Amino acid sequence: MRKNDVVTVAIEDIGINGEGIGKVDGYALFIKDAVIGDVVEAKVTKAKKNYGYARLVNIHTKSKFRTDPRCDVARQCGGCQIQAMSYERQLEYKKEKVRNNLIRIGDVPEDLLRKVMEPICGMEDPYHYRNKAQFPVGTDREGNLITGFYAGRTHQIIPHMDCAIGREENKDILDIILTFMKEYKILPYDETSHRGLVRHILIRSGHRTNEIMVCLVINGNEVPYSQILTERLAKIPGMKSITYSINREKTNVIMGRETGILRGQEYITDYIGDIRYHISPLSFYQVNPVQTEQLYGTALEYAGLSGNETVWDLYCGIGTISLFLARKAKQVYGVEIVPQAVEDAKQNAQLNGIKNAEFYAGKAEEILPEKYEKDGIQGDIIVVDPPRKGCEESVLETMVKMKPEKIVYVSCDSATLARDVKYLRERGYEVGKVKAVDMFPHSVHVETVVLLERKAQ
Ligand code: SAH
């Protein structure tokens, strides 16, 4: 196989980035935008010794799993890698991904998985679920003001205001801001010259409360004629917070450090379960509130609390899982590396009158051994929700020493999850339940909750 070869190939598998995989005489080709079941014509773009990459040129035979993506720009965007695949097939793919990783990397017996793995939790309506969106602002080749998204791996803005997974009111908000900018000749930021004012528009919404926040990220200290802009934006139902964030750096980081209020308050409120949260422009908050409730609900169910337990919530972020569990536990300890998130966690505890949750800022791999070995703090149940790279081995080691009855592992990367499950299975724990939760429909990502129970010795 050589570069620029054109081949016809049947797509038989799905890669980890959602691409179709087909074989030509045993040689595997990875083809972006091809759907499992398609027969496609593709042009080789890169040929390595044992495998290569190809660009989809033409679909010969459409897969029965193919659907028309709602966004006509889905292929350019790259945010939804598998929007052209039916939602049922997406769910199947995600469940299989988790299952295969647990078997291959985690060494979990297939027989056991058949018993303990629950159906994947998908969404009834897998669109318009994201409660947060960040739109870059710029100009097209003709100099027209535009906003949309960056084309995959570039900073070229593709104009698009009604993303199929974003909230429907986003378009109206963007319309108001762009019209205002045109009328008052306010320039978008230009990366090359480092001039112009408006860099990004951040929109966040409360799923339960329908409160809305708009934050303009600016390369300057103020928004001229802001009174006029805010009056127009205030007409959108639910508009509670209009702010600006100052970012004058030459950087890819979107938000600046300093925030100012243009109208209303600096935060909006939302609920997960019956816990109330304050969300500021900079706070971390899960982007799919409907599925977050499912995810935490599963963690709570797996923890099986009776009210007498001491619970650890490692990698706790703004304390979302901790607070969700606190009402049903004796004491909860949360550990999180970002100090600001810990401050948010403490505030959220207070906001909800929760007194049995304590939060520590620091690395889980340092705080947990310290609290256990020096202060003798125990744990009946340990919940972990680490970033993609999974848990540090020293965290797993301390957990094993602490001998909690249950470990509830929440994961956004089933490969590292499986690696850690293997470690725990070899040291006295067995998989009791597994559930995949689709937090990000149309993307290749999937969350998983695993219950690990201590085996009788
Ligand atoms: N459980 C939270 C957040 C999970 S995201 C929620 O559901 O909202 C993972 C979190 O782990 C992030 O907040 C990240 O800042 C934190 N983190 C990353 N490395 C860490 C470490 N070594 N020790 C503690 N926290 C860490």
# chains A, B, ... in the order shown; residues from 1 in each chain; ligands from 1

$ select_by_dssp --residues "range 368-455 of chain A" --states "alpha helix (DSSP H)" --output "VMD selection string"
chain A and resid 368 to 373 393 to 402 414 to 425

$ closest_atom_pairs --of "range 47-134 of chain A" --to "range 9-27 of chain A" --cutoff "6 Å" --atoms "only C-alpha atoms" --output "Markdown table"
| residue | atom | partner | partner_atom | distance |
| --- | --- | --- | --- | --- |
| A:Tyr51 | CA | A:Tyr27 | CA | 5.8 |
| A:Gln81 | CA | A:Gly18 | CA | 5.8 |
| A:Ile82 | CA | A:Gly18 | CA | 5.9 |

$ write_last_selection --atoms "N, CA, C and O atoms" --output "PDB file, in the first residue's frame"
ATOM      1  N   TYR A  51       0.094  -0.852   8.975  1.00  0.00           N
ATOM      2  CA  TYR A  51      -1.228  -0.233   8.876  1.00  0.00           C
ATOM      3  C   TYR A  51      -1.090   1.159   8.272  1.00  0.00           C
ATOM      4  O   TYR A  51       0.033   1.671   8.149  1.00  0.00           O
ATOM      5  N   GLN A  81     -17.300  12.784  16.973  1.00  0.00           N
ATOM      6  CA  GLN A  81     -16.615  11.940  15.994  1.00  0.00           C
ATOM      7  C   GLN A  81     -17.544  10.912  15.361  1.00  0.00           C
ATOM      8  O   GLN A  81     -17.276  10.427  14.268  1.00  0.00           O
ATOM      9  N   ILE A  82     -18.642  10.552  16.062  1.00  0.00           N
ATOM     10  CA  ILE A  82     -19.475   9.465  15.544  1.00  0.00           C
ATOM     11  C   ILE A  82     -20.940   9.876  15.381  1.00  0.00           C
ATOM     12  O   ILE A  82     -21.841   9.054  15.485  1.00  0.00           O
TER      13      ILE A  82
END

$ closest_atom_pairs --of "chain A" --to "ligand 1" --cutoff "9 Å" --atoms "only C-alpha atoms and all ligand atoms" --output "CSV"
residue,atom,partner,partner_atom_place_in_ligand_line,distance
A:Phe284,CA,ligand 1,8 (O),7.2
A:Tyr285,CA,ligand 1,8 (O),6.0
A:Gln286,CA,ligand 1,8 (O),5.8
A:Thr292,CA,ligand 1,7 (O),7.8
A:Leu295,CA,ligand 1,7 (O),8.8
A:Tyr296,CA,ligand 1,7 (O),7.9
A:Asp313,CA,ligand 1,1 (N),7.6
A:Leu314,CA,ligand 1,24 (C),6.3
A:Tyr315,CA,ligand 1,11 (O),3.8
A:Cys316,CA,ligand 1,1 (N),4.1
A:Gly317,CA,ligand 1,13 (O),3.6
A:Ile318,CA,ligand 1,8 (O),6.1
A:Gly319,CA,ligand 1,2 (C),6.4
A:Thr320,CA,ligand 1,8 (O),5.3
A:Ile321,CA,ligand 1,1 (N),5.8
A:Ser322,CA,ligand 1,1 (N),8.0
A:Val335,CA,ligand 1,24 (C),5.7
A:Glu336,CA,ligand 1,25 (N),3.8
A:Ile337,CA,ligand 1,25 (N),4.0
A:Val338,CA,ligand 1,15 (O),5.2
A:Pro339,CA,ligand 1,15 (O),8.9
A:Ala341,CA,ligand 1,13 (O),7.1
A:Ala361,CA,ligand 1,24 (C),7.8
A:Gly362,CA,ligand 1,24 (C),6.0
A:Lys363,CA,ligand 1,23 (N),3.5
A:Ala364,CA,ligand 1,23 (N),3.9
A:Glu365,CA,ligand 1,22 (N),6.2
A:Glu366,CA,ligand 1,23 (N),8.0
A:Ile367,CA,ligand 1,23 (N),8.3
A:Val383,CA,ligand 1,1 (N),8.9
A:Val384,CA,ligand 1,1 (N),7.5
A:Asp385,CA,ligand 1,1 (N),5.1
A:Pro386,CA,ligand 1,9 (C),4.7
A:Pro387,CA,ligand 1,9 (C),4.5
A:Arg388,CA,ligand 1,9 (C),8.2
A:Lys389,CA,ligand 1,19 (N),8.8
A:Gly390,CA,ligand 1,19 (N),8.8
A:Cys391,CA,ligand 1,22 (N),7.8
A:Glu392,CA,ligand 1,22 (N),7.4
A:Val410,CA,ligand 1,1 (N),8.1
A:Ser411,CA,ligand 1,4 (C),8.6
A:Cys412,CA,ligand 1,5 (S),8.5

$ atom_distance --atom1 "CA of His160 in chain A" --atom2 "CA of Ile254 in chain A"
18.6 Å

$ residues_around --residues "range 171-181 of chain A" --least-positions-apart "4" --cutoff "10 Å" --atoms "only C-alpha atoms" --output "PyMOL selection string"
chain A and resi 135+137+145-148+160-163+166-167+185-188+198+201-203+214+216+224-226+228-230+232-236+239

$ write_last_selection --atoms "C-alpha atoms" --output "PDB file, in the first residue's frame"
ATOM      1  CA  PHE A 135     -17.434  30.027  21.002  1.00  0.00           C
ATOM      2  CA  VAL A 137     -15.051  34.958  17.703  1.00  0.00           C
ATOM      3  CA  LEU A 145     -17.699  38.803  11.836  1.00  0.00           C
ATOM      4  CA  ILE A 146     -18.231  35.120  12.667  1.00  0.00           C
ATOM      5  CA  THR A 147     -18.434  32.722  15.561  1.00  0.00           C
ATOM      6  CA  GLY A 148     -18.538  28.927  15.610  1.00  0.00           C
ATOM      7  CA  HIS A 160     -21.798  27.586  13.136  1.00  0.00           C
ATOM      8  CA  MET A 161     -24.143  28.801  15.822  1.00  0.00           C
ATOM      9  CA  ASP A 162     -26.537  25.951  16.441  1.00  0.00           C
ATOM     10  CA  CYS A 163     -24.457  23.007  17.569  1.00  0.00           C
ATOM     11  CA  GLY A 166     -25.446  22.582  22.717  1.00  0.00           C
ATOM     12  CA  ARG A 167     -28.475  24.327  24.186  1.00  0.00           C
ATOM     13  CA  LYS A 185     -17.891  48.425  15.570  1.00  0.00           C
ATOM     14  CA  ILE A 186     -16.388  46.259  18.263  1.00  0.00           C
ATOM     15  CA  LEU A 187     -13.685  44.104  16.761  1.00  0.00           C
ATOM     16  CA  PRO A 188     -13.109  40.427  17.334  1.00  0.00           C
ATOM     17  CA  VAL A 198     -13.705  39.880  21.856  1.00  0.00           C
ATOM     18  CA  ILE A 201     -18.132  33.862  24.253  1.00  0.00           C
ATOM     19  CA  LEU A 202     -18.773  31.472  27.131  1.00  0.00           C
ATOM     20  CA  ILE A 203     -22.367  30.372  27.758  1.00  0.00           C
ATOM     21  CA  VAL A 214     -22.862  34.743  29.422  1.00  0.00           C
ATOM     22  CA  LEU A 216     -17.292  37.660  27.168  1.00  0.00           C
ATOM     23  CA  PRO A 224     -17.757  49.489  25.444  1.00  0.00           C
ATOM     24  CA  TYR A 225     -21.506  50.265  25.362  1.00  0.00           C
ATOM     25  CA  SER A 226     -22.037  47.287  27.637  1.00  0.00           C
ATOM     26  CA  ILE A 228     -26.848  48.341  25.558  1.00  0.00           C
ATOM     27  CA  LEU A 229     -25.578  44.806  25.142  1.00  0.00           C
ATOM     28  CA  THR A 230     -26.753  43.689  28.570  1.00  0.00           C
ATOM     29  CA  ARG A 232     -30.591  43.133  24.916  1.00  0.00           C
ATOM     30  CA  LEU A 233     -29.249  39.964  26.497  1.00  0.00           C
ATOM     31  CA  ALA A 234     -31.481  40.382  29.544  1.00  0.00           C
ATOM     32  CA  LYS A 235     -34.486  39.763  27.287  1.00  0.00           C
ATOM     33  CA  ILE A 236     -33.450  36.102  27.010  1.00  0.00           C
ATOM     34  CA  MET A 239     -30.445  35.403  31.884  1.00  0.00           C
TER      35      MET A 239
END

$ residues_around --residues "Ser414 in chain A" --least-positions-apart "5" --cutoff "10 Å" --atoms "only C-alpha atoms" --output "list in words"
Lys94, Lys97, Val98, Arg99, Asn100, Asn101, Leu102, Ile105, Gly106, Arg388, Gly390, Arg419, Asp420, Val421, Ala436, His445, Val446, Glu447, Thr448 and Val449 of chain A

$ closest_residue --among "A:Ala133, A:Leu452, A:Val6, A:Ala164" --to "Cys215 in chain A" --atoms "only C-alpha atoms"
A:Ala133

$ atom_distance --atom1 "CA of Gly264 in chain A" --atom2 "CA of Leu197 in chain A"
22.2 Å

$ closest_residue --among "A:His207, A:Lys403, A:Arg257, A:Arg427" --to "Tyr271 in chain A" --atoms "only C-alpha atoms"
A:His207

$ atom_distance --atom1 "CA of Asp33 in chain A" --atom2 "CA of Asn58 in chain A"
10.7 Å

$ select_by_dssp --residues "range 19-247 of chain A" --states "strand (DSSP E or B)" --output "PyMOL selection string"
chain A and resi 20-24+27-31+39-47+51-61+66+85+117+121+132-139+145-150+157-159+188+190+195+198-205+212-218+239-246

$ residues_around --residues "Arg276 in chain A" --least-positions-apart "4" --cutoff "10 Å" --atoms "only C-alpha atoms" --output "PyMOL selection string"
chain A and resi 269-272+320+323+348-349+351-352

$ write_last_selection --atoms "all heavy atoms" --output "PDB file, in the first residue's frame"
ATOM      1  N   THR A 269     -26.970  29.089  39.370  1.00  0.00           N
ATOM      2  CA  THR A 269     -27.183  27.972  40.275  1.00  0.00           C
ATOM      3  C   THR A 269     -27.727  26.794  39.491  1.00  0.00           C
ATOM      4  O   THR A 269     -28.450  26.987  38.521  1.00  0.00           O
ATOM      5  CB  THR A 269     -28.251  28.355  41.329  1.00  0.00           C
ATOM      6  OG1 THR A 269     -27.952  29.639  41.810  1.00  0.00           O
ATOM      7  CG2 THR A 269     -28.290  27.386  42.481  1.00  0.00           C
ATOM      8  N   ASP A 270     -27.344  25.592  39.902  1.00  0.00           N
ATOM      9  CA  ASP A 270     -28.004  24.422  39.331  1.00  0.00           C
ATOM     10  C   ASP A 270     -28.049  23.304  40.373  1.00  0.00           C
ATOM     11  O   ASP A 270     -27.416  23.410  41.421  1.00  0.00           O
ATOM     12  CB  ASP A 270     -27.296  23.943  38.052  1.00  0.00           C
ATOM     13  CG  ASP A 270     -28.207  23.049  37.197  1.00  0.00           C
ATOM     14  OD1 ASP A 270     -29.435  23.056  37.426  1.00  0.00           O
ATOM     15  OD2 ASP A 270     -27.702  22.351  36.307  1.00  0.00           O
ATOM     16  N   TYR A 271     -28.810  22.280  40.076  1.00  0.00           N
ATOM     17  CA  TYR A 271     -28.944  21.151  40.994  1.00  0.00           C
ATOM     18  C   TYR A 271     -28.485  19.856  40.334  1.00  0.00           C
ATOM     19  O   TYR A 271     -28.734  19.642  39.146  1.00  0.00           O
ATOM     20  CB  TYR A 271     -30.411  20.947  41.373  1.00  0.00           C
ATOM     21  CG  TYR A 271     -30.965  21.987  42.292  1.00  0.00           C
ATOM     22  CD1 TYR A 271     -31.498  23.166  41.779  1.00  0.00           C
ATOM     23  CD2 TYR A 271     -30.967  21.799  43.664  1.00  0.00           C
ATOM     24  CE1 TYR A 271     -32.010  24.137  42.617  1.00  0.00           C
ATOM     25  CE2 TYR A 271     -31.484  22.764  44.512  1.00  0.00           C
ATOM     26  CZ  TYR A 271     -32.000  23.928  43.984  1.00  0.00           C
ATOM     27  OH  TYR A 271     -32.502  24.879  44.818  1.00  0.00           O
ATOM     28  N   ILE A 272     -27.834  19.004  41.114  1.00  0.00           N
ATOM     29  CA  ILE A 272     -27.672  17.610  40.712  1.00  0.00           C
ATOM     30  C   ILE A 272     -28.291  16.818  41.845  1.00  0.00           C
ATOM     31  O   ILE A 272     -27.863  16.950  42.998  1.00  0.00           O
ATOM     32  CB  ILE A 272     -26.192  17.208  40.534  1.00  0.00           C
ATOM     33  CG1 ILE A 272     -25.526  18.104  39.481  1.00  0.00           C
ATOM     34  CG2 ILE A 272     -26.071  15.740  40.114  1.00  0.00           C
ATOM     35  CD1 ILE A 272     -24.047  17.860  39.318  1.00  0.00           C
ATOM     36  N   THR A 320     -18.629  17.261  44.043  1.00  0.00           N
ATOM     37  CA  THR A 320     -19.953  16.837  43.587  1.00  0.00           C
ATOM     38  C   THR A 320     -20.341  15.458  44.123  1.00  0.00           C
ATOM     39  O   THR A 320     -21.409  15.297  44.696  1.00  0.00           O
ATOM     40  CB  THR A 320     -20.022  16.848  42.047  1.00  0.00           C
ATOM     41  OG1 THR A 320     -18.712  16.969  41.529  1.00  0.00           O
ATOM     42  CG2 THR A 320     -20.820  17.997  41.549  1.00  0.00           C
ATOM     43  N   LEU A 323     -20.659  15.409  48.083  1.00  0.00           N
ATOM     44  CA  LEU A 323     -21.891  15.967  48.646  1.00  0.00           C
ATOM     45  C   LEU A 323     -23.082  15.058  48.348  1.00  0.00           C
ATOM     46  O   LEU A 323     -23.999  14.934  49.157  1.00  0.00           O
ATOM     47  CB  LEU A 323     -22.139  17.377  48.101  1.00  0.00           C
ATOM     48  CG  LEU A 323     -21.034  18.385  48.424  1.00  0.00           C
ATOM     49  CD1 LEU A 323     -21.360  19.754  47.850  1.00  0.00           C
ATOM     50  CD2 LEU A 323     -20.797  18.492  49.931  1.00  0.00           C
ATOM     51  N   ASN A 348     -19.933  24.817  48.488  1.00  0.00           N
ATOM     52  CA  ASN A 348     -21.113  24.036  48.113  1.00  0.00           C
ATOM     53  C   ASN A 348     -21.648  23.235  49.292  1.00  0.00           C
ATOM     54  O   ASN A 348     -22.854  23.069  49.440  1.00  0.00           O
ATOM     55  CB  ASN A 348     -20.795  23.114  46.935  1.00  0.00           C
ATOM     56  CG  ASN A 348     -20.700  23.890  45.630  1.00  0.00           C
ATOM     57  OD1 ASN A 348     -21.401  24.876  45.439  1.00  0.00           O
ATOM     58  ND2 ASN A 348     -19.822  23.458  44.748  1.00  0.00           N
ATOM     59  N   ALA A 349     -20.728  22.746  50.139  1.00  0.00           N
ATOM     60  CA  ALA A 349     -21.152  22.023  51.339  1.00  0.00           C
ATOM     61  C   ALA A 349     -21.973  22.963  52.220  1.00  0.00           C
ATOM     62  O   ALA A 349     -23.067  22.620  52.687  1.00  0.00           O
ATOM     63  CB  ALA A 349     -19.940  21.490  52.094  1.00  0.00           C
ATOM     64  N   LEU A 351     -23.498  25.787  51.377  1.00  0.00           N
ATOM     65  CA  LEU A 351     -24.720  26.165  50.669  1.00  0.00           C
ATOM     66  C   LEU A 351     -25.839  25.156  50.917  1.00  0.00           C
ATOM     67  O   LEU A 351     -27.014  25.493  50.959  1.00  0.00           O
ATOM     68  CB  LEU A 351     -24.396  26.230  49.170  1.00  0.00           C
ATOM     69  CG  LEU A 351     -25.416  26.794  48.205  1.00  0.00           C
ATOM     70  CD1 LEU A 351     -25.589  28.281  48.462  1.00  0.00           C
ATOM     71  CD2 LEU A 351     -24.928  26.575  46.766  1.00  0.00           C
ATOM     72  N   ASN A 352     -25.452  23.885  51.112  1.00  0.00           N
ATOM     73  CA  ASN A 352     -26.434  22.822  51.289  1.00  0.00           C
ATOM     74  C   ASN A 352     -26.570  22.378  52.745  1.00  0.00           C
ATOM     75  O   ASN A 352     -27.220  21.378  53.023  1.00  0.00           O
ATOM     76  CB  ASN A 352     -26.078  21.625  50.407  1.00  0.00           C
ATOM     77  CG  ASN A 352     -26.275  21.932  48.929  1.00  0.00           C
ATOM     78  OD1 ASN A 352     -27.385  21.927  48.432  1.00  0.00           O
ATOM     79  ND2 ASN A 352     -25.195  22.252  48.241  1.00  0.00           N
TER      80      ASN A 352
END

$ residues_around --residues "Val311 in chain A" --least-positions-apart "4" --cutoff "6 Å" --atoms "only C-alpha atoms" --output "ChimeraX atom specification"
/A:332,379,381-382

$ residues_around --residues "Arg153 in chain A" --least-positions-apart "5" --cutoff "12 Å" --atoms "only C-alpha atoms" --output "number ranges by chain"
A: 76-79

$ write_last_selection --atoms "N, CA, C and O atoms" --output "tab-separated table (two decimals), in the first residue's frame"
chain	number	residue	atom	x	y	z
A	76	GLN	N	-16.20	18.43	9.77
A	76	GLN	CA	-15.13	19.43	9.97
A	76	GLN	C	-14.86	19.68	11.45
A	76	GLN	O	-13.76	20.00	11.84
A	77	CYS	N	-15.92	19.55	12.25
A	77	CYS	CA	-15.83	19.97	13.65
A	77	CYS	C	-14.94	19.04	14.47
A	77	CYS	O	-14.02	19.47	15.13
A	78	GLY	N	-15.22	17.76	14.42
A	78	GLY	CA	-14.39	16.84	15.20
A	78	GLY	C	-14.82	16.71	16.65
A	78	GLY	O	-14.31	15.88	17.39
A	79	GLY	N	-15.79	17.52	17.08
A	79	GLY	CA	-16.28	17.40	18.45
A	79	GLY	C	-17.11	16.13	18.60
A	79	GLY	O	-17.03	15.43	19.60

$ decode --residues "range 74-85 of chain A" --atoms "all heavy atoms" --output "CSV table (one decimal), in the first residue's frame"
chain,number,residue,atom,x,y,z
A,74,ALA,N,-20.5,18.4,10.9
A,74,ALA,CA,-20.0,17.4,11.9
A,74,ALA,C,-18.6,16.9,11.5
A,74,ALA,O,-17.7,16.7,12.3
A,74,ALA,CB,-20.9,16.2,12.0
A,75,ARG,N,-18.4,16.7,10.2
A,75,ARG,CA,-17.1,16.2,9.7
A,75,ARG,C,-15.9,17.1,10.0
A,75,ARG,O,-14.8,16.8,10.4
A,75,ARG,CB,-17.1,15.8,8.2
A,75,ARG,CG,-17.5,14.4,8.0
A,75,ARG,CD,-17.6,14.1,6.5
A,75,ARG,NE,-16.2,13.7,6.0
A,75,ARG,CZ,-16.0,13.2,4.8
A,75,ARG,NH1,-17.0,13.0,4.0
A,75,ARG,NH2,-14.8,13.0,4.4
A,76,GLN,N,-16.2,18.4,9.8
A,76,GLN,CA,-15.1,19.4,10.0
A,76,GLN,C,-14.9,19.7,11.5
A,76,GLN,O,-13.8,20.0,11.8
A,76,GLN,CB,-15.5,20.8,9.4
A,76,GLN,CG,-15.5,20.8,7.9
A,76,GLN,CD,-16.6,21.7,7.4
A,76,GLN,OE1,-17.8,21.4,7.4
A,76,GLN,NE2,-16.3,22.9,6.9
A,77,CYS,N,-15.9,19.6,12.3
A,77,CYS,CA,-15.8,20.0,13.6
A,77,CYS,C,-14.9,19.0,14.5
A,77,CYS,O,-14.0,19.5,15.1
A,77,CYS,CB,-17.2,20.0,14.3
A,77,CYS,SG,-17.3,20.3,16.0
A,78,GLY,N,-15.2,17.8,14.4
A,78,GLY,CA,-14.4,16.8,15.2
A,78,GLY,C,-14.8,16.7,16.6
A,78,GLY,O,-14.3,15.9,17.4
A,79,GLY,N,-15.8,17.5,17.1
A,79,GLY,CA,-16.3,17.4,18.4
A,79,GLY,C,-17.1,16.1,18.6
A,79,GLY,O,-17.0,15.4,19.6
A,80,CYS,N,-17.9,15.8,17.6
A,80,CYS,CA,-18.8,14.6,17.6
A,80,CYS,C,-18.2,13.7,16.6
A,80,CYS,O,-18.5,13.7,15.4
A,80,CYS,CB,-20.2,15.0,17.2
A,80,CYS,SG,-21.1,16.0,18.4
A,81,GLN,N,-17.3,12.8,17.0
A,81,GLN,CA,-16.6,11.9,16.0
A,81,GLN,C,-17.5,10.9,15.4
A,81,GLN,O,-17.3,10.4,14.3
A,81,GLN,CB,-15.4,11.2,16.7
A,81,GLN,CG,-14.4,12.1,17.4
A,81,GLN,CD,-14.8,12.3,18.8
A,81,GLN,OE1,-15.9,12.1,19.3
A,81,GLN,NE2,-13.8,12.8,19.6
A,82,ILE,N,-18.6,10.6,16.1
A,82,ILE,CA,-19.5,9.5,15.5
A,82,ILE,C,-20.9,9.9,15.4
A,82,ILE,O,-21.8,9.1,15.5
A,82,ILE,CB,-19.3,8.2,16.4
A,82,ILE,CG1,-19.6,8.5,17.9
A,82,ILE,CG2,-18.0,7.5,16.2
A,82,ILE,CD1,-19.5,7.3,18.8
A,83,GLN,N,-21.2,11.1,15.1
A,83,GLN,CA,-22.5,11.6,14.9
A,83,GLN,C,-23.2,10.9,13.7
A,83,GLN,O,-24.5,10.9,13.7
A,83,GLN,CB,-22.6,13.1,14.7
A,83,GLN,CG,-23.8,13.8,15.3
A,83,GLN,CD,-24.0,15.2,14.9
A,83,GLN,OE1,-24.6,15.6,14.0
A,83,GLN,NE2,-23.4,16.1,15.8
A,84,ALA,N,-22.5,10.4,12.8
A,84,ALA,CA,-23.1,9.8,11.6
A,84,ALA,C,-23.5,8.3,11.9
A,84,ALA,O,-24.0,7.6,11.0
A,84,ALA,CB,-22.1,9.8,10.4
A,85,MET,N,-23.2,7.9,13.1
A,85,MET,CA,-23.6,6.5,13.5
A,85,MET,C,-24.9,6.5,14.3
A,85,MET,O,-25.0,7.4,15.2
A,85,MET,CB,-22.5,5.9,14.3
A,85,MET,CG,-22.5,4.4,14.4
A,85,MET,SD,-21.3,3.8,15.6
A,85,MET,CE,-19.8,4.3,14.8
